[in-house]
file final_22.txt (compact mmCIF, C-alpha atoms)
# COMPACT_ATOMS: atom_id res chain seq x y z
CA MET A 10 -10.29 -34.18 8.55
CA ALA A 11 -6.98 -32.28 8.70
CA LYS A 12 -7.05 -28.63 7.71
CA THR A 13 -5.22 -27.45 4.60
CA ARG A 14 -2.19 -25.37 5.59
CA ILE A 15 -2.21 -22.29 3.38
CA ALA A 16 0.13 -19.31 3.24
CA VAL A 17 -1.29 -16.05 1.84
CA LEU A 18 1.27 -13.65 0.35
CA PHE A 19 0.51 -9.94 0.23
CA GLY A 20 2.03 -6.48 -0.05
CA GLY A 21 5.16 -6.27 -2.16
CA ALA A 22 7.76 -3.70 -3.14
CA THR A 23 5.63 -2.30 -5.97
CA LYS A 24 3.20 0.50 -6.70
CA ASP A 25 0.42 -2.10 -6.40
CA HIS A 26 1.15 -2.60 -2.68
CA LYS A 27 -2.16 -1.13 -1.44
CA VAL A 28 -4.20 -3.07 -4.01
CA SER A 29 -2.53 -6.26 -2.79
CA LEU A 30 -3.44 -5.48 0.82
CA VAL A 31 -7.11 -5.18 -0.13
CA SER A 32 -7.05 -8.48 -2.05
CA ALA A 33 -5.32 -10.28 0.81
CA TYR A 34 -7.70 -8.89 3.43
CA TYR A 35 -10.72 -10.35 1.67
CA VAL A 36 -8.98 -13.64 0.94
CA LEU A 37 -7.96 -14.04 4.58
CA LYS A 38 -11.47 -13.16 5.77
CA GLY A 39 -13.02 -15.48 3.17
CA LEU A 40 -11.00 -18.62 3.93
CA SER A 41 -13.05 -20.96 6.11
CA PRO A 42 -11.35 -21.52 9.49
CA ASP A 43 -12.87 -25.01 9.48
CA LYS A 44 -10.96 -25.90 6.30
CA TYR A 45 -7.75 -23.90 6.47
CA ASP A 46 -4.84 -23.25 8.81
CA VAL A 47 -3.76 -19.82 7.54
CA THR A 48 -0.27 -18.27 7.59
CA PRO A 49 -0.22 -14.63 6.40
CA ILE A 50 3.13 -13.55 4.93
CA GLY A 51 3.49 -9.85 4.10
CA ILE A 52 6.17 -8.14 2.04
CA THR A 53 6.90 -4.52 2.92
CA ARG A 54 7.46 -1.75 0.39
CA ALA A 55 11.17 -2.10 1.20
CA GLY A 56 11.03 -5.79 0.31
CA ARG A 57 11.15 -7.36 3.80
CA TRP A 58 9.26 -10.65 4.26
CA LEU A 59 7.34 -10.84 7.54
CA TYR A 60 5.13 -13.46 9.15
CA PHE A 61 2.08 -11.54 10.40
CA PRO A 62 -0.08 -13.34 13.02
CA GLY A 63 -2.16 -10.26 13.92
CA ASP A 64 -5.60 -8.82 13.24
CA TYR A 65 -6.50 -8.76 9.54
CA GLU A 66 -7.88 -5.23 9.95
CA GLU A 67 -4.26 -4.09 10.31
CA ILE A 68 -3.60 -5.38 6.79
CA ILE A 69 -6.27 -3.34 5.07
CA ASN A 70 -5.37 -0.17 6.99
CA GLY A 71 -1.66 -0.63 6.26
CA THR A 72 -0.40 -0.85 9.85
CA TRP A 73 0.30 -4.59 9.81
CA GLU A 74 4.09 -4.31 9.41
CA MET A 75 4.39 -2.25 12.60
CA SER A 76 3.00 -5.09 14.72
CA SER A 77 5.38 -6.32 17.42
CA ASP A 78 4.21 -9.86 16.65
CA CYS A 79 5.79 -9.82 13.18
CA CYS A 80 8.98 -11.75 12.56
CA SER A 81 11.10 -12.38 9.51
CA ALA A 82 9.89 -15.20 7.30
CA ILE A 83 11.00 -16.78 4.05
CA ILE A 84 9.72 -19.49 1.76
CA SER A 85 12.45 -22.10 1.65
CA PRO A 86 13.44 -23.16 -1.88
CA ASP A 87 14.42 -26.56 -0.43
CA PRO A 88 11.58 -29.07 -1.06
CA LEU A 89 12.64 -30.90 2.10
CA HIS A 90 11.35 -27.98 4.16
CA ALA A 91 8.10 -27.68 2.17
CA GLY A 92 7.15 -24.43 3.77
CA ILE A 93 8.08 -21.30 5.68
CA ILE A 94 11.15 -20.59 7.78
CA THR A 95 10.46 -18.00 10.49
CA ILE A 96 13.35 -16.12 12.07
CA MET A 97 12.88 -14.49 15.47
CA ALA A 98 14.73 -11.36 16.59
CA ASP A 99 17.14 -13.49 18.65
CA GLY A 100 18.00 -15.59 15.58
CA VAL A 101 15.96 -18.64 16.57
CA THR A 102 14.43 -20.29 13.50
CA ALA A 103 11.42 -22.55 13.07
CA PHE A 104 9.84 -24.44 10.18
CA LYS A 105 6.17 -24.19 9.34
CA ARG A 106 4.85 -26.72 6.84
CA ILE A 107 2.64 -25.37 4.05
CA ASP A 108 0.33 -27.35 1.74
CA VAL A 109 -0.47 -24.52 -0.69
CA VAL A 110 0.32 -20.84 -1.25
CA MET A 111 -2.14 -18.19 -2.44
CA SER A 112 -0.50 -15.04 -3.73
CA SER A 113 -2.24 -11.67 -3.86
CA LEU A 114 1.00 -9.99 -4.96
CA HIS A 115 0.09 -7.75 -7.88
CA GLY A 116 2.37 -5.87 -10.22
CA LYS A 117 5.98 -5.96 -11.28
CA TYR A 118 7.45 -8.33 -8.69
CA GLY A 119 4.37 -10.41 -7.97
CA SER A 120 3.14 -11.30 -11.45
CA CYS A 121 6.40 -11.49 -13.37
CA GLY A 122 7.52 -15.05 -12.65
CA ARG A 123 9.92 -14.48 -9.76
CA ILE A 124 7.59 -15.63 -6.97
CA GLN A 125 6.23 -18.39 -9.18
CA GLY A 126 9.77 -19.64 -9.83
CA LEU A 127 10.54 -19.70 -6.11
CA LEU A 128 7.40 -21.72 -5.41
CA LYS A 129 8.25 -24.14 -8.21
CA LEU A 130 11.68 -24.71 -6.63
CA SER A 131 10.07 -25.31 -3.25
CA LYS A 132 7.59 -27.78 -4.80
CA ILE A 133 4.74 -26.16 -2.89
CA PRO A 134 1.47 -25.98 -4.90
CA TYR A 135 0.28 -22.42 -5.41
CA VAL A 136 -2.71 -20.46 -6.72
CA ASP A 137 -1.07 -18.79 -9.67
CA CYS A 138 0.27 -19.57 -13.13
CA ASN A 139 3.50 -21.19 -14.30
CA PRO A 140 6.63 -18.96 -14.15
CA GLU A 141 6.97 -18.80 -17.93
CA THR A 142 3.27 -17.93 -18.28
CA ALA A 143 3.71 -15.09 -15.79
CA VAL A 144 6.60 -13.69 -17.85
CA TYR A 145 4.55 -13.72 -21.05
CA CYS A 146 1.50 -12.13 -19.41
CA MET A 147 3.38 -9.45 -17.47
CA ASP A 148 5.22 -8.16 -20.53
CA LYS A 149 2.62 -6.66 -22.86
CA ALA A 150 4.95 -6.88 -25.87
CA LEU A 151 5.52 -10.60 -25.28
CA THR A 152 1.79 -11.17 -24.72
CA HIS A 153 0.91 -9.61 -28.07
CA LEU A 154 3.74 -11.46 -29.83
CA VAL A 155 2.72 -14.89 -28.52
CA LEU A 156 -1.01 -14.40 -29.06
CA ALA A 157 -0.55 -13.06 -32.60
CA SER A 158 1.69 -16.03 -33.43
CA VAL A 159 -1.26 -18.42 -32.91
CA GLY A 160 -3.71 -16.27 -34.85
CA ILE A 161 -5.38 -14.39 -32.00
CA ASP A 162 -6.25 -10.81 -32.92
CA VAL A 163 -4.50 -8.19 -30.76
CA PRO A 164 -4.44 -4.39 -31.03
CA GLY A 165 -1.98 -2.93 -33.51
CA TYR A 166 1.15 -1.93 -31.61
CA ALA A 167 4.70 -0.66 -31.83
CA LEU A 168 7.60 -0.55 -29.38
CA LEU A 169 9.88 2.20 -28.18
CA GLU A 170 13.11 1.48 -26.28
CA ARG A 171 14.74 3.70 -23.68
CA SER A 172 18.01 3.28 -25.59
CA GLU A 173 16.36 5.02 -28.58
CA MET A 174 15.81 8.34 -26.81
CA ASN A 175 18.45 10.01 -28.98
CA ILE A 176 16.43 9.12 -32.10
CA ILE A 177 12.96 9.17 -30.58
CA ASP A 178 11.61 11.74 -33.08
CA GLU A 179 12.48 9.37 -35.93
CA LYS A 180 10.93 6.40 -34.11
CA ILE A 181 7.73 8.38 -33.47
CA LYS A 182 7.46 9.20 -37.18
CA GLU A 183 7.72 5.48 -37.94
CA ILE A 184 4.96 4.75 -35.43
CA GLU A 185 2.74 7.46 -36.92
CA LYS A 186 2.95 5.69 -40.28
CA LYS A 187 1.68 2.51 -38.65
CA LEU A 188 -0.84 3.74 -36.08
CA ARG A 189 -3.37 6.56 -35.96
CA TYR A 190 -3.95 8.81 -32.98
CA PRO A 191 -5.15 8.47 -30.33
CA VAL A 192 -2.75 5.79 -29.13
CA TYR A 193 -2.22 4.24 -25.72
CA VAL A 194 1.31 4.31 -24.28
CA SER A 195 2.34 2.14 -21.34
CA ALA A 196 5.37 0.51 -19.74
CA SER A 197 5.73 -2.95 -21.22
CA SER A 198 6.33 -4.94 -18.04
CA CYS A 199 4.17 -3.26 -15.39
CA SER A 200 0.57 -3.22 -14.28
CA THR A 201 -1.73 -1.80 -16.94
CA SER A 202 -2.39 1.51 -15.18
CA ILE A 203 1.23 2.29 -14.22
CA GLY A 204 3.14 4.60 -16.55
CA ALA A 205 0.19 4.60 -18.95
CA ASN A 206 -1.26 7.49 -20.96
CA LYS A 207 -3.62 8.07 -23.87
CA VAL A 208 -2.09 10.57 -26.33
CA THR A 209 -3.27 12.44 -29.41
CA ASN A 210 -0.10 13.88 -30.98
CA SER A 211 3.68 13.42 -31.28
CA ASP A 212 4.59 15.77 -28.41
CA GLU A 213 2.26 13.93 -26.04
CA LEU A 214 3.63 10.62 -27.29
CA LYS A 215 7.19 11.67 -26.51
CA ARG A 216 6.21 12.77 -23.00
CA ALA A 217 4.24 9.57 -22.41
CA ALA A 218 7.18 7.46 -23.58
CA LYS A 219 9.47 9.15 -21.06
CA ILE A 220 6.98 8.40 -18.28
CA ALA A 221 6.78 4.76 -19.38
CA PHE A 222 10.60 4.55 -19.48
CA SER A 223 10.72 5.52 -15.81
CA HIS A 224 9.02 2.18 -15.08
CA HIS A 225 10.52 -0.11 -17.76
CA HIS A 226 13.04 0.05 -20.58
CA THR A 227 10.34 -0.72 -23.19
CA ALA A 228 7.21 1.31 -23.93
CA VAL A 229 4.30 -0.26 -25.80
CA VAL A 230 2.32 2.03 -28.12
CA GLU A 231 -1.07 0.56 -28.97
CA GLU A 232 -3.93 1.61 -31.18
CA ASP A 233 -6.82 2.82 -29.03
CA LEU A 234 -9.87 1.60 -30.88
CA CYS A 235 -13.36 2.53 -29.80
CA GLY A 236 -15.55 -0.37 -28.84
CA ARG A 237 -16.85 -2.51 -26.03
CA THR A 238 -14.65 -3.96 -23.29
CA ILE A 239 -15.64 -7.51 -22.37
CA GLU A 240 -14.00 -9.55 -19.63
CA CYS A 241 -14.03 -13.18 -18.61
CA GLY A 242 -12.33 -15.42 -16.10
CA VAL A 243 -10.59 -18.64 -17.12
CA MET A 244 -9.60 -21.36 -14.66
CA GLY A 245 -8.07 -24.81 -14.65
CA SER A 246 -5.26 -26.51 -16.55
CA SER A 247 -4.63 -27.89 -20.02
CA TYR A 248 -6.83 -30.86 -19.05
CA ASP A 249 -9.78 -28.94 -17.64
CA VAL A 250 -10.57 -25.37 -18.74
CA GLU A 251 -13.51 -23.54 -17.16
CA ILE A 252 -14.67 -20.19 -18.49
CA THR A 253 -16.84 -17.96 -16.34
CA GLU A 254 -19.80 -15.89 -17.40
CA LEU A 255 -18.83 -12.74 -19.31
CA GLY A 256 -18.93 -9.17 -18.05
CA GLU A 257 -18.62 -5.71 -19.59
CA ILE A 258 -16.84 -2.57 -18.45
CA VAL A 259 -18.95 0.44 -19.38
CA LYS A 260 -17.18 3.78 -19.10
CA LYS A 261 -19.07 6.99 -18.43
CA ARG A 262 -18.18 10.52 -19.50
CA ASP A 263 -18.60 13.77 -17.65
CA ILE A 264 -21.06 15.81 -19.73
CA ASN A 265 -18.57 18.71 -19.75
CA SER A 266 -15.47 16.64 -20.43
CA SER A 267 -14.06 14.28 -23.04
CA VAL A 268 -12.24 12.37 -20.32
CA TYR A 269 -13.69 9.20 -18.83
CA TYR A 270 -14.22 9.57 -15.13
CA THR A 271 -15.87 6.36 -13.96
CA ALA A 272 -16.88 2.90 -15.08
CA ASP A 273 -19.47 0.28 -14.22
CA PHE A 274 -19.00 -3.47 -14.42
CA ILE A 275 -22.07 -5.09 -15.97
CA SER A 276 -22.79 -8.80 -15.72
CA ALA A 277 -24.41 -10.72 -18.57
CA PRO A 278 -23.64 -8.18 -21.34
CA ASP A 279 -25.86 -8.03 -24.41
CA LEU A 280 -23.84 -10.07 -26.92
CA THR A 281 -24.85 -12.17 -29.89
CA ALA A 282 -24.45 -15.92 -29.59
CA GLU A 283 -21.61 -15.72 -32.12
CA GLN A 284 -19.76 -13.05 -30.13
CA ASN A 285 -20.17 -15.02 -26.91
CA GLU A 286 -18.91 -18.19 -28.55
CA ARG A 287 -15.93 -16.45 -30.21
CA ILE A 288 -14.81 -14.80 -26.98
CA ARG A 289 -14.95 -18.10 -25.13
CA ALA A 290 -13.06 -19.89 -27.89
CA ILE A 291 -10.34 -17.20 -27.97
CA ALA A 292 -10.06 -17.26 -24.16
CA LYS A 293 -9.58 -21.03 -24.12
CA LYS A 294 -7.06 -20.89 -26.97
CA ALA A 295 -5.02 -18.19 -25.20
CA PHE A 296 -5.15 -20.09 -21.89
CA LEU A 297 -3.81 -23.23 -23.55
CA CYS A 298 -1.16 -21.61 -25.75
CA LEU A 299 0.27 -19.73 -22.76
CA ASN A 300 0.45 -22.98 -20.77
CA PHE A 301 -1.75 -21.68 -17.96
CA ASN A 302 -2.34 -23.64 -14.79
CA GLY A 303 -4.45 -21.64 -12.39
CA CYS A 304 -6.66 -18.68 -13.20
CA ALA A 305 -6.63 -15.57 -15.36
CA LYS A 306 -8.79 -12.57 -16.13
CA MET A 307 -8.88 -11.76 -19.83
CA SER A 308 -9.92 -8.41 -21.28
CA PHE A 309 -11.30 -8.19 -24.84
CA ARG A 310 -12.17 -5.28 -27.09
CA ILE A 311 -15.01 -5.60 -29.61
CA SER A 312 -14.61 -3.06 -32.41
CA GLY A 313 -16.80 -3.66 -35.44
CA ASP A 314 -16.23 -7.25 -36.54
CA ARG A 315 -12.97 -7.50 -34.63
CA ILE A 316 -12.67 -9.22 -31.25
CA MET A 317 -9.23 -8.46 -29.83
CA LEU A 318 -7.63 -9.91 -26.73
CA ARG A 319 -6.01 -6.88 -25.08
CA ARG A 320 -4.81 -7.95 -21.64
CA ILE A 321 -4.36 -11.07 -19.52
CA ALA A 322 -4.03 -10.76 -15.74
CA PRO A 323 -2.63 -13.94 -14.14
CA ILE A 324 -3.13 -12.57 -10.61
CA PRO A 325 -6.36 -10.56 -10.79
CA GLY A 326 -7.85 -8.78 -7.81
CA PHE A 327 -9.51 -11.02 -5.24
CA ALA A 328 -11.75 -8.44 -3.56
CA PRO A 329 -15.45 -9.44 -3.77
CA GLU A 330 -16.17 -6.63 -6.25
CA SER A 331 -13.15 -7.28 -8.46
CA ALA A 332 -13.96 -8.52 -11.96
CA LEU A 333 -12.88 -12.14 -11.54
CA MET A 334 -14.77 -12.63 -8.29
CA ILE A 335 -17.91 -11.00 -9.73
CA LEU A 336 -17.70 -13.29 -12.75
CA MET A 337 -17.24 -16.35 -10.55
CA ARG A 338 -20.23 -15.24 -8.48
CA GLU A 339 -22.28 -14.91 -11.68
CA SER A 340 -21.10 -18.43 -12.56
CA GLY A 341 -22.62 -19.83 -9.37
CA TYR A 342 -19.80 -19.62 -6.80
CA THR A 343 -20.07 -17.92 -3.43
CA TYR A 344 -16.93 -15.98 -2.46
CA SER A 345 -15.64 -18.79 -0.22
CA GLU A 346 -16.47 -21.39 -2.86
CA ALA A 347 -14.52 -19.37 -5.43
CA LEU A 348 -11.46 -19.44 -3.16
CA ASP A 349 -11.95 -23.19 -2.61
CA ARG A 350 -12.12 -23.71 -6.37
CA LEU A 351 -8.88 -21.81 -7.03
CA ILE A 352 -7.09 -23.58 -4.18
CA GLY A 353 -8.39 -26.93 -5.43
CA ILE A 354 -6.89 -26.27 -8.86
CA ALA A 355 -3.53 -25.58 -7.23
CA LEU A 356 -3.63 -28.72 -5.09
CA ASP A 357 -4.55 -30.85 -8.09
CA SER A 358 -1.57 -29.55 -10.08
CA ASP A 359 1.96 -30.87 -9.78
CA ALA A 360 4.09 -28.23 -8.07
call {"tool": "encode", "arguments": {"input": "final_22.txt", "output": "structure tokens"}}
result
Amino acid sequence: MAKTRIAVLFGGATKDHKVSLVSAYYVLKGLSPDKYDVTPIGITRAGRWLYFPGDYEEIINGTWEMSSDCCSAIISPDPLHAGIITIMADGVTAFKRIDVVMSSLHGKYGSCGRIQGLLKLSKIPYVDCNPETAVYCMDKALTHLVLASVGIDVPGYALLERSEMNIIDEKIKEIEKKLRYPVYVSASSCSTSIGANKVTNSDELKRAAKIAFSHHHTAVVEEDLCGRTIECGVMGSSYDVEITELGEIVKKRDINSSVYYTADFISAPDLTAEQNERIRAIAKKAFLCLNFNGCAKMSFRISGDRIMLRRIAPIPGFAPESALMILMRESGYTYSEALDRLIGIALDSDA
């Protein structure tokens, strides 16, 4: 039986570069050599695309791009090529056919629809979501807007624009009428942790907004409700939706500090049957309304009787101890089987 020719994308010109290297390392190590012919394609912090045929250990330690075996490589948007064009230092080019692409590109330029659009043009199946889905999930303001429009509960939120800096004091007063402190401020179209701060007063809010504006022109200000954080993985397409077991993120406090300093991920959280059922129903509804095809990690907040969908990650981490892979393991998949499942979804879809 012929091997499946898979390209694994990693790196990227984003602040999530190192996280992507870790994901890619485990993916590359986890792909069965009996099933897959693997082509690693790395993107440097400067944005160069390189075919990397070297030792995977060089990926996780960050030295991969210095390898003399690297050469320029691009995914051709021409469906006739159906794969990678490599370009040697002397200008000689070659085509390498690809059956499927798996992206571990996290953050602004990996999860925002650009890569997904390129792969759609090339008509190469890929382990990821549709381009329009990526846009909605990457931009927190759009995510909340779309989910709320179909009746899914989301945290209360407000927006600040970089163009409003000259009237930011007025805008903050408007927000204070709508939301109570503490609030959570983050750049709208970036990874959750980038440009993000929890604030307790107007001065802190103004400073946090300026930090967020350094990453994106829109800052999202969200209510920061106490409660439990529950996560689940969702896979498939509009015809076949699979929801993993649920997990819970439990944060711990330093006894001498009010600041969280660590967190544990707990499988099989203690939930009522009703809570479990509601979370699964909301996850499926969100997956379908956002036109997903692939996989997603969804993060919920339970606060009193409310179950809010806070975040959707269309390209979650793929390290064995990342949330999605833990949840797939709890759902009966080994690590390699989880990769096979995600790749199978991509191959069954129409690129």
call {"tool": "closest_residue", "arguments": {"input": "final_22.txt", "among": "A:Met244, A:Met147, A:Val31, A:Ala91", "to": "Lys132 in chain A", "atoms": "only C-alpha atoms"}}
result
A:Ala91
call {"tool": "atom_distance", "arguments": {"input": "final_22.txt", "atom1": "CA of Trp73 in chain A", "atom2": "CA of Ser223 in chain A"}}
result
29.4 Å
call {"tool": "residues_around", "arguments": {"input": "final_22.txt", "residues": "Val136 in chain A", "least_positions_apart": "5", "cutoff": "9 Å", "atoms": "all atoms listed in the file", "output": "NGL selection string"}}
result
:A and (109-112 or 302-304 or 324 or 351-356)
call {"tool": "closest_residue", "arguments": {"input": "final_22.txt", "among": "A:Ala196, A:Leu169, A:Leu156, A:Leu127", "to": "Phe296 in chain A", "atoms": "all atoms listed in the file"}}
result
A:Leu156
call {"tool": "residues_near_point", "arguments": {"input": "final_22.txt", "point": "(-20.4, -16.5, -21.0)", "cutoff": "8 Å", "atoms": "all atoms listed in the file", "output": "list of chain:residue names"}}
result
A:Cys241, A:Ile252, A:Thr253, A:Glu254, A:Leu255, A:Ala277, A:Asn285, A:Glu286, A:Arg289
call {"tool": "closest_residue", "arguments": {"input": "final_22.txt", "among": "A:Val159, A:Ala143, A:Ala282, A:Ile177", "to": "Ser211 in chain A", "atoms": "all atoms listed in the file"}}
result
A:Ile177
call {"tool": "closest_residue", "arguments": {"input": "final_22.txt", "among": "A:Leu168, A:Ile275, A:Cys80, A:Cys138", "to": "Ala305 in chain A", "atoms": "all atoms listed in the file"}}
result
A:Cys138
call {"tool": "closest_residue", "arguments": {"input": "final_22.txt", "among": "A:Lys293, A:Lys207, A:Lys187, A:Arg338", "to": "Glu251 in chain A", "atoms": "all atoms listed in the file"}}
result
A:Lys293
call {"tool": "atom_distance", "arguments": {"input": "final_22.txt", "atom1": "CA of Thr238 in chain A", "atom2": "CA of Leu30 in chain A"}}
result
26.6 Å
call {"tool": "residues_near_point", "arguments": {"input": "final_22.txt", "point": "(3.3, -3.7, -1.0)", "cutoff": "12 Å", "atoms": "only C-alpha atoms", "output": "short mmCIF file (atom, residue, chain, number, x, y, z; two decimals) with C-alpha atoms, in the frame of the given file"}}
result
data_model
loop_
_atom_site.label_atom_id
_atom_site.label_comp_id
_atom_site.auth_asym_id
_atom_site.auth_seq_id
_atom_site.Cartn_x
_atom_site.Cartn_y
_atom_site.Cartn_z
CA LEU A 18 1.27 -13.65 0.35
CA PHE A 19 0.51 -9.94 0.23
CA GLY A 20 2.03 -6.48 -0.05
CA GLY A 21 5.16 -6.27 -2.16
CA ALA A 22 7.76 -3.70 -3.14
CA THR A 23 5.63 -2.30 -5.97
CA LYS A 24 3.20 0.50 -6.70
CA ASP A 25 0.42 -2.10 -6.40
CA HIS A 26 1.15 -2.60 -2.68
CA LYS A 27 -2.16 -1.13 -1.44
CA VAL A 28 -4.20 -3.07 -4.01
CA SER A 29 -2.53 -6.26 -2.79
CA LEU A 30 -3.44 -5.48 0.82
CA VAL A 31 -7.11 -5.18 -0.13
CA SER A 32 -7.05 -8.48 -2.05
CA ALA A 33 -5.32 -10.28 0.81
CA ILE A 50 3.13 -13.55 4.93
CA GLY A 51 3.49 -9.85 4.10
CA ILE A 52 6.17 -8.14 2.04
CA THR A 53 6.90 -4.52 2.92
CA ARG A 54 7.46 -1.75 0.39
CA ALA A 55 11.17 -2.10 1.20
CA GLY A 56 11.03 -5.79 0.31
CA ARG A 57 11.15 -7.36 3.80
CA TRP A 58 9.26 -10.65 4.26
CA LEU A 59 7.34 -10.84 7.54
CA ILE A 68 -3.60 -5.38 6.79
CA ILE A 69 -6.27 -3.34 5.07
CA GLY A 71 -1.66 -0.63 6.26
CA THR A 72 -0.40 -0.85 9.85
CA TRP A 73 0.30 -4.59 9.81
CA GLU A 74 4.09 -4.31 9.41
CA SER A 113 -2.24 -11.67 -3.86
CA LEU A 114 1.00 -9.99 -4.96
CA HIS A 115 0.09 -7.75 -7.88
CA GLY A 116 2.37 -5.87 -10.22
CA LYS A 117 5.98 -5.96 -11.28
CA TYR A 118 7.45 -8.33 -8.69
CA GLY A 119 4.37 -10.41 -7.97
#
call {"tool": "residues_around", "arguments": {"input": "final_22.txt", "residues": "Glu185 in chain A", "least_positions_apart": "2", "cutoff": "12 Å", "atoms": "only C-alpha atoms", "output": "short mmCIF file (atom, residue, chain, number, x, y, z; two decimals) with C-alpha atoms, in the coordinates of the input"}}
result
data_model
loop_
_atom_site.label_atom_id
_atom_site.label_comp_id
_atom_site.auth_asym_id
_atom_site.auth_seq_id
_atom_site.Cartn_x
_atom_site.Cartn_y
_atom_site.Cartn_z
CA GLY A 165 -1.98 -2.93 -33.51
CA TYR A 166 1.15 -1.93 -31.61
CA ALA A 167 4.70 -0.66 -31.83
CA ASP A 178 11.61 11.74 -33.08
CA GLU A 179 12.48 9.37 -35.93
CA LYS A 180 10.93 6.40 -34.11
CA ILE A 181 7.73 8.38 -33.47
CA LYS A 182 7.46 9.20 -37.18
CA GLU A 183 7.72 5.48 -37.94
CA LYS A 187 1.68 2.51 -38.65
CA LEU A 188 -0.84 3.74 -36.08
CA ARG A 189 -3.37 6.56 -35.96
CA TYR A 190 -3.95 8.81 -32.98
CA PRO A 191 -5.15 8.47 -30.33
CA VAL A 192 -2.75 5.79 -29.13
CA THR A 209 -3.27 12.44 -29.41
CA ASN A 210 -0.10 13.88 -30.98
CA SER A 211 3.68 13.42 -31.28
CA LEU A 214 3.63 10.62 -27.29
CA VAL A 230 2.32 2.03 -28.12
CA GLU A 231 -1.07 0.56 -28.97
CA GLU A 232 -3.93 1.61 -31.18
#
call {"tool": "closest_residue", "arguments": {"input": "final_22.txt", "among": "A:Ser246, A:Ala157, A:Ala347, A:Met10", "to": "Ile291 in chain A", "atoms": "only C-alpha atoms"}}
result
A:Ala157
call {"tool": "residues_around", "arguments": {"input": "final_22.txt", "residues": "Ser77 in chain A", "least_positions_apart": "4", "cutoff": "10 Å", "atoms": "only C-alpha atoms", "output": "JSON, numbers by chain"}}
result
{"A": [61, 62, 63, 73]}
call {"tool": "atom_distance", "arguments": {"input": "final_22.txt", "atom1": "CA of Leu333 in chain A", "atom2": "CA of Tyr34 in chain A"}}
result
16.2 Å
call {"tool": "axis_aligned_box", "arguments": {"input": "final_22.txt", "around": "range 60-64 of chain A", "padding_each_side": "6 Å", "output": "JSON"}}
result
{"center_x": -0.2, "center_y": -11.1, "center_z": 11.5, "size_x": 22.7, "size_y": 16.6, "size_z": 16.8}
call {"tool": "residues_around", "arguments": {"input": "final_22.txt", "residues": "Arg106 in chain A", "least_positions_apart": "2", "cutoff": "8 Å", "atoms": "all atoms listed in the file", "output": "list in words"}}
result
Arg14, His90, Ala91, Gly92, Ile93, Phe104 and Asp108 of chain A
call {"tool": "write_last_selection", "arguments": {"input": "final_22.txt", "atoms": "C-alpha atoms", "output": "PDB file, in the frame of the given file"}}
result
ATOM      1  CA  ARG A  14      -2.190 -25.370   5.590  1.00  0.00           C
ATOM      2  CA  HIS A  90      11.350 -27.980   4.160  1.00  0.00           C
ATOM      3  CA  ALA A  91       8.100 -27.680   2.170  1.00  0.00           C
ATOM      4  CA  GLY A  92       7.150 -24.430   3.770  1.00  0.00           C
ATOM      5  CA  ILE A  93       8.080 -21.300   5.680  1.00  0.00           C
ATOM      6  CA  PHE A 104       9.840 -24.440  10.180  1.00  0.00           C
ATOM      7  CA  ASP A 108       0.330 -27.350   1.740  1.00  0.00           C
TER       8      ASP A 108
END
